[in-house]
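The data block below is model09.pdb; it holds PDB, C-alpha atoms.
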ATOM      1  CA  MET G   1     130.961 120.769 165.997
ATOM      2  CA  PRO G   2     130.691 123.963 164.124
ATOM      3  CA  TYR G   3     128.269 124.201 161.302
ATOM      4  CA  ARG G   4     130.072 125.134 158.140
ATOM      5  CA  PRO G   5     127.906 125.487 155.063
ATOM      6  CA  ASN G   6     129.392 124.152 151.873
ATOM      7  CA  PRO G   7     128.660 126.803 149.331
ATOM      8  CA  ARG G   8     128.370 125.364 145.890
ATOM      9  CA  ARG G   9     129.948 127.641 143.424
ATOM     10  CA  PRO G  10     129.445 126.938 139.738
ATOM     11  CA  LEU G  11     132.627 126.020 137.917
ATOM     12  CA  PRO G  12     133.058 128.056 134.775
ATOM     13  CA  ILE G  13     133.711 125.574 131.975
ATOM     14  CA  ARG G  14     134.570 126.971 128.604
ATOM     15  CA  LEU G  15     134.575 124.665 125.649
ATOM     16  CA  ASN G  16     136.775 125.797 122.825
ATOM     17  CA  ALA G  17     136.038 123.683 119.768
ATOM     18  CA  VAL G  18     139.329 124.472 118.054
ATOM     19  CA  GLN G  19     141.373 123.589 121.125
ATOM     20  CA  LEU G  20     139.399 120.366 121.659
ATOM     21  CA  THR G  21     139.812 119.333 118.021
ATOM     22  CA  ALA G  22     143.519 120.147 118.055
ATOM     23  CA  SER G  23     144.121 118.153 121.240
ATOM     24  CA  ILE G  24     142.276 115.115 119.849
ATOM     25  CA  ALA G  25     144.277 115.345 116.604
ATOM     26  CA  VAL G  26     147.554 115.602 118.522
ATOM     27  CA  GLY G  27     146.565 112.595 120.656
ATOM     28  CA  LEU G  28     145.747 110.499 117.600
ATOM     29  CA  TRP G  29     148.989 111.539 115.920
ATOM     30  CA  LEU G  30     151.039 110.684 119.004
ATOM     31  CA  GLY G  31     149.294 107.318 119.245
ATOM     32  CA  PHE G  32     150.136 106.568 115.609
ATOM     33  CA  ILE G  33     153.761 107.561 116.187
ATOM     34  CA  ALA G  34     153.913 105.320 119.279
ATOM     35  CA  ILE G  35     152.539 102.313 117.372
ATOM     36  CA  ALA G  36     154.887 102.901 114.431
ATOM     37  CA  LEU G  37     157.877 103.284 116.747
ATOM     38  CA  THR G  38     156.952 100.093 118.616
ATOM     39  CA  CYS G  39     156.662  98.129 115.362
ATOM     40  CA  TRP G  40     159.980  99.503 114.120
ATOM     41  CA  LEU G  41     161.720  98.648 117.367
ATOM     42  CA  ALA G  42     160.214  95.148 117.375
ATOM     43  CA  SER G  43     161.373  94.510 113.811
ATOM     44  CA  ARG G  44     164.807  95.910 114.614
ATOM     45  CA  PHE G  45     165.570  94.049 117.829
ATOM     46  CA  LEU G  46     163.572  90.813 117.597
ATOM     47  CA  PRO G  47     164.956  87.997 115.452
ATOM     48  CA  SER G  48     163.058  87.356 112.247
ATOM     49  CA  GLU G  49     162.157  83.835 113.425
ATOM     50  CA  GLN G  50     160.009  85.303 116.191
ATOM     51  CA  LEU G  51     158.232  87.660 113.798
ATOM     52  CA  ALA G  52     157.471  85.014 111.149
ATOM     53  CA  PRO G  53     154.188  83.830 112.755
ATOM     54  CA  VAL G  54     153.007  87.419 113.079
ATOM     55  CA  ALA G  55     153.831  88.129 109.425
ATOM     56  CA  GLN G  56     151.965  84.993 108.341
ATOM     57  CA  ALA G  57     148.926  85.969 110.401
ATOM     58  CA  VAL G  58     148.892  89.465 108.900
ATOM     59  CA  GLN G  59     149.237  88.008 105.414
ATOM     60  CA  ARG G  60     146.300  85.630 106.032
ATOM     61  CA  LEU G  61     144.162  88.503 107.299
ATOM     62  CA  THR G  62     144.841  90.648 104.232
ATOM     63  CA  GLN G  63     143.947  87.908 101.755
ATOM     64  CA  PRO G  64     140.227  87.355 101.103
ATOM     65  CA  ALA G  65     138.880  84.110 102.438
ATOM     66  CA  ALA G  66     137.998  81.515  99.834
ATOM     67  CA  VAL G  67     134.526  80.057 100.052
ATOM     68  CA  VAL G  68     134.834  76.304 100.382
ATOM     69  CA  GLN G  69     131.928  74.164  99.325
ATOM     70  CA  PRO G  70     131.421  71.158 101.599
ATOM     71  CA  VAL G  71     132.094  67.929  99.743
ATOM     72  CA  PRO G  72     130.012  64.941 100.766
ATOM     73  CA  ASP G  73     131.591  61.600 101.638
ATOM     74  CA  ILE G  74     130.038  59.864  98.637
ATOM     75  CA  PRO G  75     132.019  58.013  95.966
ATOM     76  CA  PRO G  76     132.271  59.989  92.678
ATOM     77  CA  GLN G  77     130.458  57.336  90.585
ATOM     78  CA  SER G  78     127.496  57.116  92.928
ATOM     79  CA  PRO G  79     124.037  58.194  91.707
ATOM     80  CA  LEU G  80     123.745  60.246  94.891
ATOM     81  CA  PHE G  81     126.893  62.143  93.919
ATOM     82  CA  GLU G  82     125.493  62.804  90.441
ATOM     83  CA  GLN G  83     122.284  64.063  92.051
ATOM     84  CA  TYR G  84     124.355  66.271  94.369
ATOM     85  CA  LYS G  85     126.246  67.766  91.412
ATOM     86  CA  GLU G  86     122.972  68.342  89.555
ATOM     87  CA  ASN G  87     121.482  70.086  92.604
ATOM     88  CA  LEU G  88     124.551  72.304  92.854
ATOM     89  CA  ARG G  89     124.238  73.227  89.175
ATOM     90  CA  LYS G  90     120.524  73.991  89.577
ATOM     91  CA  ASN G  91     121.173  76.142  92.664
ATOM     92  CA  GLU G  92     123.861  78.140  90.850
ATOM     93  CA  GLN G  93     121.553  78.601  87.867
ATOM     94  CA  GLN G  94     118.693  79.680  90.148
ATOM     95  CA  GLN G  95     120.935  82.223  91.889
ATOM     96  CA  THR G  96     121.994  83.613  88.514
ATOM     97  CA  LEU G  97     118.351  83.879  87.413
ATOM     98  CA  ASP G  98     117.395  85.615  90.667
ATOM     99  CA  GLN G  99     120.238  88.082  90.223
ATOM    100  CA  ALA G 100     119.097  88.762  86.646
ATOM    101  CA  ARG G 101     115.553  89.423  87.863
ATOM    102  CA  THR G 102     116.657  91.832  90.582
ATOM    103  CA  ASN G 103     119.313  93.686  88.561
ATOM    104  CA  ASN G 104     118.053  97.188  87.683
ATOM    105  CA  ARG G 105     120.200  97.339  84.533
ATOM    106  CA  ASN G 106     118.037  94.642  82.973
ATOM    107  CA  LEU G 107     114.942  96.869  83.073
ATOM    108  CA  SER G 108     116.140  98.745  79.981
ATOM    109  CA  ASN G 109     117.052  95.602  78.034
ATOM    110  CA  PRO G 110     114.017  94.431  76.008
ATOM    111  CA  LYS G 111     115.489  91.037  75.069
ATOM    112  CA  CYS G 112     116.267  90.351  78.708
ATOM    113  CA  GLN G 113     112.770  91.396  79.774
ATOM    114  CA  PHE G 114     111.213  89.132  77.119
ATOM    115  CA  TRP G 115     113.207  86.071  78.187
ATOM    116  CA  LEU G 116     112.672  86.767  81.868
ATOM    117  CA  GLN G 117     108.916  86.831  81.213
ATOM    118  CA  GLN G 118     109.162  83.643  79.155
ATOM    119  CA  ASP G 119     111.094  81.909  81.909
ATOM    120  CA  GLN G 120     108.579  83.035  84.493
ATOM    121  CA  THR G 121     105.566  81.969  82.413
ATOM    122  CA  ALA G 122     106.879  78.725  80.928
ATOM    123  CA  PRO G 123     110.258  77.770  82.368
ATOM    124  CA  SER G 124     112.427  75.654  80.116
ATOM    125  CA  GLU G 125     116.102  75.047  79.428
ATOM    126  CA  LYS G 126     115.930  77.308  76.364
ATOM    127  CA  SER G 127     114.416  80.222  78.303
ATOM    128  CA  ARG G 128     116.974  79.848  81.098
ATOM    129  CA  ALA G 129     119.827  79.737  78.602
ATOM    130  CA  ASN G 130     118.523  82.883  76.895
ATOM    131  CA  VAL G 131     118.109  84.685  80.223
ATOM    132  CA  LEU G 132     121.709  83.878  81.044
ATOM    133  CA  GLN G 133     122.763  85.027  77.574
ATOM    134  CA  PHE G 134     120.856  88.321  77.320
ATOM    135  CA  CYS G 135     120.776  89.455  80.953
ATOM    136  CA  ASP G 136     123.669  90.748  83.010
TER     137      ASP G 136
END
Written as structure tokens, how would this file's structure read?
Amino acid sequence: MPYRPNPRRPLPIRLNAVQLTASIAVGLWLGFIAIALTCWLASRFLPSEQLAPVAQAVQRLTQPAAVVQPVPDIPPQSPLFEQYKENLRKNEQQQTLDQARTNNRNLSNPKCQFWLQQDQTAPSEKSRANVLQFCD
């Protein structure tokens, strides 16, 4: 078996940034054209009954999702339900107060700063109402 050395020659690779960018742009453009052509052909040759579920799914994806509060299985006249509603109201009010405290626009509002300090020092319904009134 004859010994044949495998000479390793370096491959000259030249990177041309303009050519690389142009080829990527052409590839993206051709991909967009292919997707658009496929959608057009599908809408042209498929009956509208087959495309209705797809259209509904796309419509649901484009609409923002509504936040649904979980409703407990408690009768509306129950004291537990009243306590639940009161807790919800307090949580919403607390979130609003926290947002008022962290909002940078309220730093330049002296009335807001005064009522925020009052609410922090001696919390009351009046101070909370004034924070909600004078702060953003």
Asp98 (chain G): which residues within 12 Å, counting all atoms listed in the file, same-chain residues fewer than 6 positions away excluded, as a short mmCIF file (atom, residue, chain, number, x, y, z; two decimals) with C-alpha atoms, in the coordinates of the input?
data_model
loop_
_atom_site.label_atom_id
_atom_site.label_comp_id
_atom_site.auth_asym_id
_atom_site.auth_seq_id
_atom_site.Cartn_x
_atom_site.Cartn_y
_atom_site.Cartn_z
CA ASN G 91 121.17 76.14 92.66
CA GLU G 92 123.86 78.14 90.85
CA ASN G 104 118.05 97.19 87.68
CA ASN G 106 118.04 94.64 82.97
CA LEU G 116 112.67 86.77 81.87
CA ASP G 119 111.09 81.91 81.91
CA GLN G 120 108.58 83.04 84.49
CA ARG G 128 116.97 79.85 81.10
CA VAL G 131 118.11 84.68 80.22
CA LEU G 132 121.71 83.88 81.04
CA CYS G 135 120.78 89.46 80.95
CA ASP G 136 123.67 90.75 83.01
#
Item checked: Atomic separation - CA of Glu82 (chain G) relative to CA of Ala100 (chain G), Å -> 27.0 Å
Note to self: For a test of reading the model, state the distance in Å between CA of Pro79 (chain G) and CA of Thr96 (chain G), rounded to one decimal.
What the structure shows: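 Going from CA of Pro79 (chain G) over to CA of Thr96 (chain G), I get 25.7 Å.
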Next item on the list: Report as a VMD selection string the full result of the PyMOL selection byres ((chain G and resi 117) around 12) when it is applied to this structure.
Entry: chain G and resid 97 100 to 101 107 110 to 116 118 to 124 127 to 128 130 to 131
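With distances taken over all atoms listed in the file, G:Ala55 is the one residue among G:Phe134, G:Gly27, G:Arg89, G:Ala55 lying closest to Cys39 (chain G).
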